[in-house]
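Heads up, the thing below is written out as C-alpha cells.
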Amino acid sequence: MALIKETLPNYLSNLPIPDSFGGWFKLSITDWLQLIPPTAVVAGIGYMSYLAFCPKARPQCKPGTCNQKIKKSVDKVVDMVDIEDISEKAAFCRCWKTKNWPYCDGSHTEHNKNTGDNVGPLVVKRKGT
C-alpha cells in the first residue's frame with residue numbers, strides 16, 4: 001500500500017513537467033531521461049487499450065484458418081519427408097503450433113488445454129516396430 005499511497009505520488013510529483021509549451025524546449029537531457037519510464041507506461045496502456053477496443057487493429061487470420069504462423073508467404077504448405085530420413089518413428093504436427101515444423105514438439109498439449117480441442121500428432125513408424 002505504501003507504494004500506491006506514498007512512493008508513486010512522490011515519484012510523479014518530482015517529474016520535470018514544464019508549466020508552459022516553451023518549457024519543454026528548456027528541459028535538460030537528464031529531465032528527458034526521467035520522463036521516459038512514465039511515457040512508456042502511458043504509451044503501453046494506450047496501445048493495449050487500442051488493441052482491446054479496436055478489434056480490426058489486431059492482426060488476425062480469416063475465420064476458420066488453422067495455420068497462423070507457418071510458411072504464410074507461400075500459397076500452400078507442402079513438405080516432403082523422405083522415408084529413409086525417418087528413424088524408427090516420427091511424429092508430425094497437425095495443430096500448426098509447433099516451432100519445429102513439420103515435426104511435432106508437443107505444442108498441441110497446451111493448445112488442447114486452452115481450447116478443449118483434442119488434436120495430436122501424426123505418428124509414422126517403420127513396419128514391425
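Just so we're on the same page: first chain in the C-alpha cells is A, next is B, and so on; residues restart at 1 for each chain, and ligands are numbered from 1 in the order they show up.
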Handout entry: Secondary structure check, alpha helix (DSSP H) residues of segment 23-123 of chain A, as a PyMOL selection string
Key = chain A and resi 29-53+107-115
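Using only C-alpha atoms, the protein and nucleic acid residues lying no more than 8 Å from Pro16 of chain A, apart from those fewer than 3 places from it along its own chain, are Leu27, Asp31, Gln34 and Leu35 of chain A.
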Mind writing the picked residues with N, CA and C atoms as a compact mmCIF listing (two decimals), in the first residue's frame?
# COMPACT_ATOMS: atom_id res chain seq x y z
N LEU A 27 14.07 21.79 -21.19
CA LEU A 27 14.42 20.61 -20.39
C LEU A 27 15.82 20.12 -20.75
N ASP A 31 16.44 15.59 -17.59
CA ASP A 31 14.99 15.73 -17.44
C ASP A 31 14.26 14.84 -18.43
N GLN A 34 14.32 11.23 -17.38
CA GLN A 34 13.39 10.95 -16.29
C GLN A 34 11.97 10.75 -16.80
N LEU A 35 11.66 11.35 -17.94
CA LEU A 35 10.30 11.26 -18.48
C LEU A 35 10.06 9.99 -19.31
Exercise for the section: Run DSSP on the backbone and grab whatever in chain A lands in strand (DSSP E or B); send it over as a PyMOL selection string. Expected result: chain A and resi 89-92+103+122-125
Practice task
For atom CA of Thr98 of chain A and atom CA of Tyr47 of chain A, quote the distance in Å rounded to one decimal.
Solution key: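 Going from atom CA of Thr98 of chain A over to atom CA of Tyr47 of chain A covers 28.5 Å.
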Problem - Exercise: segment 110-117 of chain A partners within 12 Å, only C-alpha atoms, chain neighbours under 3 positions left out, as an MDAnalysis selection string - result: chainID A and resid 66 94:98 105:107 120
Residues as selected, all heavy atoms, written as a PDB file, in the first residue's frame, can you do that?
ATOM      1  N   CYS A  66      -6.548 -22.424 -39.694  1.00  0.00           N
ATOM      2  CA  CYS A  66      -5.864 -23.144 -38.624  1.00  0.00           C
ATOM      3  C   CYS A  66      -4.378 -22.803 -38.585  1.00  0.00           C
ATOM      4  O   CYS A  66      -3.787 -22.764 -37.522  1.00  0.00           O
ATOM      5  CB  CYS A  66      -6.071 -24.652 -38.758  1.00  0.00           C
ATOM      6  SG  CYS A  66      -5.522 -25.339 -40.310  1.00  0.00           S
ATOM      7  N   ARG A  94       0.042 -31.688 -36.456  1.00  0.00           N
ATOM      8  CA  ARG A  94      -1.251 -31.473 -37.113  1.00  0.00           C
ATOM      9  C   ARG A  94      -1.997 -30.288 -36.510  1.00  0.00           C
ATOM     10  O   ARG A  94      -3.085 -29.966 -36.942  1.00  0.00           O
ATOM     11  CB  ARG A  94      -2.126 -32.727 -36.992  1.00  0.00           C
ATOM     12  CG  ARG A  94      -1.574 -33.895 -37.776  1.00  0.00           C
ATOM     13  CD  ARG A  94      -2.560 -35.023 -37.890  1.00  0.00           C
ATOM     14  NE  ARG A  94      -3.071 -35.434 -36.589  1.00  0.00           N
ATOM     15  CZ  ARG A  94      -4.092 -36.269 -36.439  1.00  0.00           C
ATOM     16  NH1 ARG A  94      -4.692 -36.779 -37.475  1.00  0.00           N
ATOM     17  NH2 ARG A  94      -4.511 -36.606 -35.232  1.00  0.00           N
ATOM     18  N   CYS A  95      -1.397 -29.609 -35.508  1.00  0.00           N
ATOM     19  CA  CYS A  95      -2.095 -28.495 -34.872  1.00  0.00           C
ATOM     20  C   CYS A  95      -1.595 -27.135 -35.373  1.00  0.00           C
ATOM     21  O   CYS A  95      -2.174 -26.111 -35.049  1.00  0.00           O
ATOM     22  CB  CYS A  95      -1.933 -28.554 -33.345  1.00  0.00           C
ATOM     23  SG  CYS A  95      -0.279 -28.144 -32.732  1.00  0.00           S
ATOM     24  N   TRP A  96      -0.527 -27.115 -36.125  1.00  0.00           N
ATOM     25  CA  TRP A  96       0.070 -25.892 -36.688  1.00  0.00           C
ATOM     26  C   TRP A  96       0.670 -24.990 -35.622  1.00  0.00           C
ATOM     27  O   TRP A  96       0.910 -23.823 -35.847  1.00  0.00           O
ATOM     28  CB  TRP A  96      -0.940 -25.112 -37.531  1.00  0.00           C
ATOM     29  CG  TRP A  96      -1.392 -25.834 -38.743  1.00  0.00           C
ATOM     30  CD1 TRP A  96      -2.470 -26.658 -38.841  1.00  0.00           C
ATOM     31  CD2 TRP A  96      -0.781 -25.844 -40.021  1.00  0.00           C
ATOM     32  NE1 TRP A  96      -2.575 -27.166 -40.095  1.00  0.00           N
ATOM     33  CE2 TRP A  96      -1.551 -26.667 -40.863  1.00  0.00           C
ATOM     34  CE3 TRP A  96       0.329 -25.218 -40.554  1.00  0.00           C
ATOM     35  CZ2 TRP A  96      -1.229 -26.888 -42.191  1.00  0.00           C
ATOM     36  CZ3 TRP A  96       0.641 -25.431 -41.882  1.00  0.00           C
ATOM     37  CH2 TRP A  96      -0.128 -26.268 -42.683  1.00  0.00           C
ATOM     38  N   LYS A  97       0.953 -25.509 -34.443  1.00  0.00           N
ATOM     39  CA  LYS A  97       1.508 -24.688 -33.366  1.00  0.00           C
ATOM     40  C   LYS A  97       2.992 -24.962 -33.123  1.00  0.00           C
ATOM     41  O   LYS A  97       3.632 -24.260 -32.370  1.00  0.00           O
ATOM     42  CB  LYS A  97       0.752 -24.936 -32.050  1.00  0.00           C
ATOM     43  CG  LYS A  97      -0.745 -24.827 -32.137  1.00  0.00           C
ATOM     44  CD  LYS A  97      -1.185 -23.410 -32.178  1.00  0.00           C
ATOM     45  CE  LYS A  97      -2.698 -23.348 -32.145  1.00  0.00           C
ATOM     46  NZ  LYS A  97      -3.263 -22.341 -32.972  1.00  0.00           N
ATOM     47  N   THR A  98       3.547 -25.974 -33.745  1.00  0.00           N
ATOM     48  CA  THR A  98       4.920 -26.392 -33.491  1.00  0.00           C
ATOM     49  C   THR A  98       5.938 -25.322 -33.884  1.00  0.00           C
ATOM     50  O   THR A  98       5.702 -24.530 -34.797  1.00  0.00           O
ATOM     51  CB  THR A  98       5.242 -27.705 -34.225  1.00  0.00           C
ATOM     52  OG1 THR A  98       6.541 -28.140 -33.859  1.00  0.00           O
ATOM     53  CG2 THR A  98       5.209 -27.524 -35.735  1.00  0.00           C
ATOM     54  N   ASP A 105       6.312 -30.882 -31.679  1.00  0.00           N
ATOM     55  CA  ASP A 105       7.112 -30.576 -30.496  1.00  0.00           C
ATOM     56  C   ASP A 105       6.259 -30.593 -29.222  1.00  0.00           C
ATOM     57  O   ASP A 105       6.688 -30.161 -28.168  1.00  0.00           O
ATOM     58  CB  ASP A 105       7.828 -29.240 -30.634  1.00  0.00           C
ATOM     59  CG  ASP A 105       6.887 -28.048 -30.674  1.00  0.00           C
ATOM     60  OD1 ASP A 105       5.653 -28.233 -30.597  1.00  0.00           O
ATOM     61  OD2 ASP A 105       7.381 -26.908 -30.786  1.00  0.00           O
ATOM     62  N   GLY A 106       5.032 -31.100 -29.333  1.00  0.00           N
ATOM     63  CA  GLY A 106       4.154 -31.189 -28.176  1.00  0.00           C
ATOM     64  C   GLY A 106       3.316 -29.941 -27.927  1.00  0.00           C
ATOM     65  O   GLY A 106       2.619 -29.848 -26.922  1.00  0.00           O
ATOM     66  N   SER A 107       3.360 -28.967 -28.832  1.00  0.00           N
ATOM     67  CA  SER A 107       2.600 -27.728 -28.657  1.00  0.00           C
ATOM     68  C   SER A 107       1.100 -27.978 -28.590  1.00  0.00           C
ATOM     69  O   SER A 107       0.364 -27.172 -28.026  1.00  0.00           O
ATOM     70  CB  SER A 107       2.897 -26.761 -29.802  1.00  0.00           C
ATOM     71  OG  SER A 107       4.243 -26.370 -29.797  1.00  0.00           O
ATOM     72  N   GLY A 120      -3.771 -34.098 -32.023  1.00  0.00           N
ATOM     73  CA  GLY A 120      -2.499 -34.726 -31.682  1.00  0.00           C
ATOM     74  C   GLY A 120      -1.678 -34.904 -32.944  1.00  0.00           C
ATOM     75  O   GLY A 120      -2.112 -34.537 -34.041  1.00  0.00           O
TER      76      GLY A 120
END
Exercise for the section: May I ask for the distance between atom CA of Ser87 of chain A and atom CA of Arg126 of chain A, given in Å to one decimal place? Expected result: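 Straight-line distance from atom CA of Ser87 of chain A to atom CA of Arg126 of chain A works out to 7.9 Å.
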Exercise for the section: Mind checking which residues fall within 7 Å of Leu122 of chain A, counting only C-alpha atoms, ignoring those fewer than 6 positions away in the same chain, and posting them as a count of residues only? Expected result: 4
Handout entry: Counting only C-alpha atoms, the option among A:Gly23, A:Gly46, A:Pro38, A:Pro102 closest to Asp79 of chain A
Key =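 Counting only C-alpha atoms, the residue closest to Asp79 of chain A is A:Pro102.
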Handout entry: Option closest in space to Tyr11 of chain A, from A:Cys54, A:Ile29, A:Pro37, A:Val81 [counting only C-alpha atoms]
Key = A:Pro37
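Between atom CA of Ile86 of chain A and atom CA of Val124 of chain A there is a distance of 8.4 Å.
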Exercise for the section: Tell me which of A:Ala2, A:Ser28, A:Lys125, A:Asp19 sits closest to Glu84 of chain A, counting only C-alpha atoms. Expected result: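 Of A:Ala2, A:Ser28, A:Lys125, A:Asp19, the one nearest Glu84 of chain A is A:Lys125, counting only C-alpha atoms.
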